[in-house]
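Visitor: Could you have a look at this structure, given as C-alpha cells, before my questions?
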Amino acid sequence: MTQVRRLTLLSLLGAVAPVVLLVVLTLIKTGGVWEYALDDVYIHLAMSEQVAKGAYGVNAGESASASSSILYSYVLAPFAGFHWHAYVPLAIGLLALFGAAVLWSRVLAASEIWTDPVWDKALLALALLGPVFLHFPAMSLIGMEHMLHICTALLVALGLIRFAQDGRVRWYLLAAIVLNPLLRFEGMALALLACAVLVVGGRGRIALLAILATALPLTAHFVNMNALGLDMLPNSVNAKAVVVGGGADVVDGAGSDRLVAFKNSLKLSLISPSGRMLVGLILCLFFLVLAQRNSFSRLQIALGVTAMLAALAHLLLGSVLPFYRYEIYIWAYGAAVTVYLLAQLQPLTPTGRQLRAIFPVVALVIGGVHYPVTTLEKLPTGSAAIHAQQRQMGRFVDDYWQAPVAVNDLGHVAYRNPHYVLDLWGLASARALEARTSRTDPLWADKLAQEYDVGAAMIYRHWLAHHIPPSWEPVARLKLTVPIGTLGGNIVTIYATRPESLKPLEDALRAFAPTLPASATLEFL
C-alpha cells in the first residue's frame, strides 16, 4: 500500500469513526429523532424556501438577509419542495466531511519526505488525528456551511502548496478563491491573501483574474441587496459582528460603543481556547519563517505570511464563539501550511528530525483539544435541547397557534411556517435590529407586533430584558428538563401581546402541553 493511500484511509477513519459515534449518541439523547445541535440551520432552510420561490428572506413578501452565507441558501433551495429538505444540510455536511478528509490527506502527501521515515510516521499520525482536532466531526453534523468552508480553505492550501512546488496554478485553487467569501464573508481575507501569493510567484494576471472572478458574484449580490432595500452585509453579520454591527450584548439586548465592543470581543477571543490556539499558530509561523528566511523560497515565506495574516485578521475582525465554528477554516488552513513548511526544514541530527516529526502532532493536539471535548459535551446534548425547546416551539406555532408570532431566536419557528414570524433580535428584520440597537423607542417591540398582527411572543427574557413592553402579558414558560446544550436559554417565556390574544393563546397552550416530550415542561403563570 502506498503512503498516499495510507494517509487517505487514516484520514477517512479519523473523520468517519467520530461521526458515527456522535450520531449514535445524538439519537440516544433525542429518543431516536435526528436533530441538529444548532438552530441556525433552520434559518438557512427557511431562507432557501423563499429563494426557491424567487424571493429573498424568511417571511413571504418581505425581503430580509438573515443568512450569514451568500451561497448556502441557494445551495439548499433546489430541494425546498421535498419532504426530506431538512436533511439536505446533513447530507452536504457528510459529503464535505469526506472531501475535507481526502484534502487533508493530500496536503500531508504533498509534505512527504521520502528519505525520512520518522517524518512519514508523523504524517500518518497527523492523518488520523487531524480530522478530530480540526473539528471536522462536529462541523459535518451541525448542518451549517462551515464544513464546505473548511473544504475550500484546504483547497486553497493544497493549491498554493502545489504552486510553491512547481509554479503551476491549478483550477481548483482559483475555484476555492472564488468560493471562500461566498460561503463565509470571513473568507475574503484568505482569498485576497491567496491572490497575493500568486503575485509573489509571478502570476499577477491570474491573480487579477481571480480577484475579478471573486468580485463579480459579490458585486451581483450587493447590487441585489440594494435593489431589495437591504444592507450590503446580512443582518446576521450586523447583529453579531462588533466592527460593522452594533456590538450587541445579549444580556442587556442593546448596542454599545463599537470601540468598547471591539475591545471586549477581542478580549473574549484571546482568552478563549480557539483564540489562544490562533495566537499560537501565528507565533509558530512567525518564528518558523523568521528562522528559515534565508533557506525558504519566496513562495514558501509568502505561504507562511498568508496563514499568519489570515489568522490575525480573524482574531481582530471575526469571532471564535459560539461552538468554536467561525475560526475553524483558518485553523485548517494554518495547520496545512505549517506542516508543509516544517517538511522543508533540513535538520542535521537524528534528534532534530525527531523533534520536527513530534512537534506538529503535539501542536495539533494541544491547539485543538478543545474541539473534541466541546463536541462530546455540546453536540448530543445540544441536539436534545434543540429538540426539547426550539422544535416544540415550531410545532406549537404550526399545529396549535397557527397565527403570526414574535421570537428572539430565529430558526425552527420560521421553517415551513406559512405565518409571519417577527424576529425581535433582528436577523430577519432590519427594522427590529435598528430599533433594538438604537434604544430610541422603548415601545418598538410592541409597535412592530401590532403592525404585523402578532398576538403571541416566545422569547428569552434575559435577551430582551429592557425591551419587553409592559403591556405584554406572560402566559406560560417552556422549561427544559435536560441540559441547556447550545441553546441561548433554558426558559422561554410566552406572552400575549394584546388582551384579545390572551384567551386563545392560553387555550392553544393547554391543548399543546400534553403533547410535549419528557425533556420539556410547560408552566402556566
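Naming works like this for the C-alpha cells: A, B, ... for the chains as they're shown, residue 1 at the start of each chain, ligands 1 onward in shown order.
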Taking only segment 316-484 of chain A into account, list the residues labelled helix (DSSP H, G or I) by DSSP (computed from the backbone), as a PyMOL selection string.
Guide: chain A and resi 316-317+328-343+350-368+370-388+390-401+412-414+430-438+444-451
Visitor: Pull the strand (DSSP E or B) assignments for segment 275-445 of chain A out of DSSP run on the backbone, and list those residues as a PDB file with N, CA, C and O atoms, in the first residue's frame.
Guide:
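Writing done, so here's states_18.pdb:
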```pdb
ATOM      1  N   VAL A 405     -46.371  35.243  14.983  1.00  0.00           N
ATOM      2  CA  VAL A 405     -45.734  35.101  16.286  1.00  0.00           C
ATOM      3  C   VAL A 405     -44.428  35.884  16.287  1.00  0.00           C
ATOM      4  O   VAL A 405     -43.807  36.076  15.232  1.00  0.00           O
ATOM      5  N   ALA A 406     -43.984  36.327  17.464  1.00  0.00           N
ATOM      6  CA  ALA A 406     -42.701  37.003  17.626  1.00  0.00           C
ATOM      7  C   ALA A 406     -41.742  36.107  18.390  1.00  0.00           C
ATOM      8  O   ALA A 406     -42.147  35.412  19.331  1.00  0.00           O
ATOM      9  N   VAL A 407     -40.470  36.112  17.977  1.00  0.00           N
ATOM     10  CA  VAL A 407     -39.428  35.332  18.649  1.00  0.00           C
ATOM     11  C   VAL A 407     -38.170  36.190  18.711  1.00  0.00           C
ATOM     12  O   VAL A 407     -38.063  37.209  18.040  1.00  0.00           O
ATOM     13  N   VAL A 421     -43.397  35.569  11.009  1.00  0.00           N
ATOM     14  CA  VAL A 421     -42.552  35.452  12.192  1.00  0.00           C
ATOM     15  C   VAL A 421     -41.790  36.759  12.365  1.00  0.00           C
ATOM     16  O   VAL A 421     -40.958  37.116  11.514  1.00  0.00           O
ATOM     17  N   LEU A 422     -42.082  37.467  13.449  1.00  0.00           N
ATOM     18  CA  LEU A 422     -41.399  38.720  13.758  1.00  0.00           C
ATOM     19  C   LEU A 422     -40.144  38.395  14.566  1.00  0.00           C
ATOM     20  O   LEU A 422     -40.229  37.922  15.700  1.00  0.00           O
ATOM     21  N   ASP A 423     -38.999  38.647  13.974  1.00  0.00           N
ATOM     22  CA  ASP A 423     -37.726  38.357  14.633  1.00  0.00           C
ATOM     23  C   ASP A 423     -37.281  39.587  15.420  1.00  0.00           C
ATOM     24  O   ASP A 423     -36.743  40.540  14.856  1.00  0.00           O
TER      25      ASP A 423
END
```
Visitor: Please tabulate, as CSV, the residues of segment 247-360 of chain A that come within 9 Å of segment 367-391 of chain A, each with its closest pair of atoms and the distance in Å to one decimal, counting only C-alpha atoms and ordering rows by chain, then residue number upward.
Guide:
```
residue,atom,partner,partner_atom,distance
A:Pro273,CA,A:His370,CA,6.7
A:Ser274,CA,A:Gly368,CA,7.7
A:Arg276,CA,A:Gly367,CA,8.0
A:Met277,CA,A:Gly367,CA,5.0
A:Leu278,CA,A:Gly367,CA,8.3
A:Gly280,CA,A:Gly367,CA,7.7
A:Leu281,CA,A:Gly367,CA,8.4
A:Phe323,CA,A:Thr374,CA,7.4
A:Tyr324,CA,A:Tyr371,CA,7.5
A:Trp331,CA,A:Gly368,CA,8.8
```
Visitor: Just the selected residues (N, CA, C and O atoms), exported as a short mmCIF file (atom, residue, chain, number, x, y, z; two decimals), in the first residue's frame, please.
Guide:
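For reference, out.cif as written:
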```cif
data_model
loop_
_atom_site.label_atom_id
_atom_site.label_comp_id
_atom_site.auth_asym_id
_atom_site.auth_seq_id
_atom_site.Cartn_x
_atom_site.Cartn_y
_atom_site.Cartn_z
N PRO A 273 -10.21 29.22 24.20
CA PRO A 273 -9.27 28.21 23.68
C PRO A 273 -8.93 28.43 22.22
O PRO A 273 -7.76 28.30 21.82
N SER A 274 -9.91 28.78 21.39
CA SER A 274 -9.63 28.98 19.97
C SER A 274 -8.80 30.23 19.74
O SER A 274 -7.95 30.26 18.84
N ARG A 276 -6.54 31.49 21.86
CA ARG A 276 -5.16 31.13 22.22
C ARG A 276 -4.54 30.23 21.16
O ARG A 276 -3.34 30.32 20.88
N MET A 277 -5.35 29.37 20.57
CA MET A 277 -4.87 28.49 19.51
C MET A 277 -4.39 29.30 18.31
O MET A 277 -3.31 29.04 17.76
N LEU A 278 -5.16 30.31 17.91
CA LEU A 278 -4.77 31.13 16.76
C LEU A 278 -3.53 31.97 17.08
O LEU A 278 -2.67 32.16 16.21
N GLY A 280 -1.16 31.03 19.09
CA GLY A 280 -0.08 30.05 18.99
C GLY A 280 0.29 29.76 17.56
O GLY A 280 1.49 29.63 17.23
N LEU A 281 -0.71 29.65 16.69
CA LEU A 281 -0.44 29.41 15.27
C LEU A 281 0.35 30.56 14.67
O LEU A 281 1.33 30.35 13.94
N PHE A 323 -19.53 27.74 19.98
CA PHE A 323 -19.28 26.39 19.47
C PHE A 323 -18.01 26.30 18.64
O PHE A 323 -17.80 25.35 17.91
N TYR A 324 -17.15 27.33 18.71
CA TYR A 324 -15.85 27.31 18.04
C TYR A 324 -15.97 26.90 16.57
O TYR A 324 -15.27 26.01 16.11
N TRP A 331 -7.92 27.65 10.99
CA TRP A 331 -7.14 26.65 11.73
C TRP A 331 -6.74 25.52 10.80
O TRP A 331 -5.59 25.06 10.82
#
```
Visitor: Which one is closest to Leu158 of chain A: A:Ala37, A:Leu126, A:Leu424, A:Val339? Count only C-alpha atoms.
Guide: A:Val339
Visitor: Restricting the calculation to only C-alpha atoms, which member of A:Pro474, A:Pro117, A:Gly202, A:Pro181 is positioned closest to Thr214 of chain A?
Guide: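 Ranking A:Pro474, A:Pro117, A:Gly202, A:Pro181 by distance to Thr214 of chain A, first place goes to A:Pro181.
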Visitor: Kindly indicate which residue among A:Leu464, A:Ala153, A:Ala457, A:Ala96 lies nearest to Trp425 of chain A, using only C-alpha atoms for the distances.
Guide: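 Checking each of A:Leu464, A:Ala153, A:Ala457, A:Ala96 against Trp425 of chain A, counting only C-alpha atoms, the winner is A:Leu464.
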Visitor: Considering only C-alpha atoms, state which residue in the set A:Val23, A:Ser471, A:Tyr460, A:Ala508 is at the smallest distance from Asn490 of chain A.
Guide: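 Under the stated criterion, the closest residue is A:Tyr460.
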Visitor: Excluding Leu97 of chain A and its own-chain neighbours fewer than 4 positions away, which residues fall within 8 Å of it when counting only C-alpha atoms? Please give them as a compact mmCIF listing (two decimals) with N, CA, C and O atoms, in the first residue's frame.
Guide:
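Contents of around13.txt, as written:
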```txt
# COMPACT_ATOMS: atom_id res chain seq x y z
N ALA A 15 -12.03 10.81 10.44
CA ALA A 15 -13.20 11.65 10.23
C ALA A 15 -14.51 10.90 10.47
O ALA A 15 -15.42 11.42 11.11
N GLY A 93 -23.08 18.18 4.68
CA GLY A 93 -22.03 18.14 5.68
C GLY A 93 -21.23 16.85 5.64
O GLY A 93 -19.99 16.87 5.75
N ALA A 101 -11.54 15.29 4.44
CA ALA A 101 -10.61 14.24 4.88
C ALA A 101 -9.63 13.89 3.77
O ALA A 101 -8.43 13.73 4.01
N PHE A 136 -13.57 18.52 12.39
CA PHE A 136 -14.38 18.01 11.28
C PHE A 136 -15.68 17.35 11.73
O PHE A 136 -16.74 17.62 11.14
N PRO A 137 -15.65 16.44 12.73
CA PRO A 137 -16.89 15.71 13.06
C PRO A 137 -18.06 16.61 13.40
O PRO A 137 -19.16 16.45 12.87
N SER A 140 -19.45 18.70 10.46
CA SER A 140 -20.18 17.93 9.45
C SER A 140 -21.62 17.63 9.89
O SER A 140 -22.45 17.28 9.05
N MET A 147 -18.47 23.25 7.10
CA MET A 147 -17.72 22.12 6.56
C MET A 147 -17.32 22.39 5.11
O MET A 147 -16.21 22.05 4.69
```
Visitor: Closest to Leu192 of chain A among A:Ser105, A:Ser295, A:Leu134, A:Ala310, using only C-alpha atoms?
Guide: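 Of all the options, A:Ala310 lies closest to Leu192 of chain A.
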Visitor: Taking only C-alpha atoms into account, which of A:Ala207, A:Leu103, A:Leu270, A:Ala313 comes nearest Leu9 of chain A?
Guide: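 Using only C-alpha atoms, Leu9 of chain A sits closest to A:Leu103.
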Visitor: Which polymer residues have any atom within 8 Å of an atom of segment 166-174 of chain A, counting only C-alpha atoms, with same-chain residues fewer than 6 positions away left out, as a list in words?
Guide: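 Residues near the query, excluding close chain neighbours: Leu155, Val156, Leu158, Gly159, Leu160, Gly201 and Ala210 of chain A.
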Visitor: Within 12 Å of Gly394 of chain A, counting only C-alpha atoms, which residues qualify if same-chain residues fewer than 2 places away don't, as JSON, numbers by chain?
Guide: {"A": [39, 42, 386, 387, 388, 389, 390, 391, 392, 396, 397, 398, 399, 400, 401, 402, 403, 404, 405, 406, 407, 409, 410, 411, 412, 413, 414, 415, 416, 417, 418, 419, 421, 458, 512]}
Visitor: So which residues touch Leu13 of chain A within 9 Å, counting only C-alpha atoms, skipping near sequence neighbours fewer than 5 positions away, as a compact mmCIF listing (two decimals) with all heavy atoms, in the first residue's frame?
Guide:
```txt
# COMPACT_ATOMS: atom_id res chain seq x y z
N THR A 8 -4.76 8.60 3.16
CA THR A 8 -6.17 8.80 2.84
C THR A 8 -7.07 7.95 3.73
O THR A 8 -8.07 8.43 4.28
CB THR A 8 -6.44 8.46 1.36
OG1 THR A 8 -5.60 9.28 0.54
CG2 THR A 8 -7.90 8.71 1.00
N PRO A 18 -15.50 9.13 14.50
CA PRO A 18 -16.14 10.00 15.50
C PRO A 18 -17.56 10.42 15.10
O PRO A 18 -18.42 10.58 15.98
CB PRO A 18 -15.21 11.22 15.55
CG PRO A 18 -13.91 10.75 15.02
CD PRO A 18 -14.25 9.71 13.99
N ALA A 101 -11.54 15.29 4.44
CA ALA A 101 -10.61 14.24 4.88
C ALA A 101 -9.63 13.89 3.77
O ALA A 101 -8.43 13.73 4.01
CB ALA A 101 -11.39 13.01 5.33
N ALA A 127 -2.61 12.33 9.87
CA ALA A 127 -3.76 11.93 9.05
C ALA A 127 -4.89 11.41 9.93
O ALA A 127 -6.06 11.75 9.71
CB ALA A 127 -3.33 10.87 8.04
N LEU A 128 -4.57 10.62 10.92
CA LEU A 128 -5.59 10.03 11.79
C LEU A 128 -6.16 11.05 12.76
O LEU A 128 -7.38 11.10 12.98
CB LEU A 128 -5.00 8.85 12.56
CG LEU A 128 -5.94 8.11 13.52
CD1 LEU A 128 -7.08 7.45 12.74
CD2 LEU A 128 -5.17 7.06 14.32
N PRO A 131 -8.49 15.17 11.45
CA PRO A 131 -9.93 15.46 11.41
C PRO A 131 -10.54 15.70 12.78
O PRO A 131 -11.42 16.56 12.93
CB PRO A 131 -10.51 14.19 10.76
CG PRO A 131 -9.40 13.68 9.91
CD PRO A 131 -8.14 13.95 10.69
```
Visitor: Please report the interatomic distance between atom CA of Thr497 of chain A and atom CA of Leu443 of chain A in Å with one decimal.
Guide: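 For atom CA of Thr497 of chain A relative to atom CA of Leu443 of chain A, the distance reads 12.0 Å.
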Visitor: Rounded to one decimal in Å, what is the spacing between atom CA of Val4 of chain A and atom CA of Ala122 of chain A?
Guide: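 It comes out at 13.5 Å.
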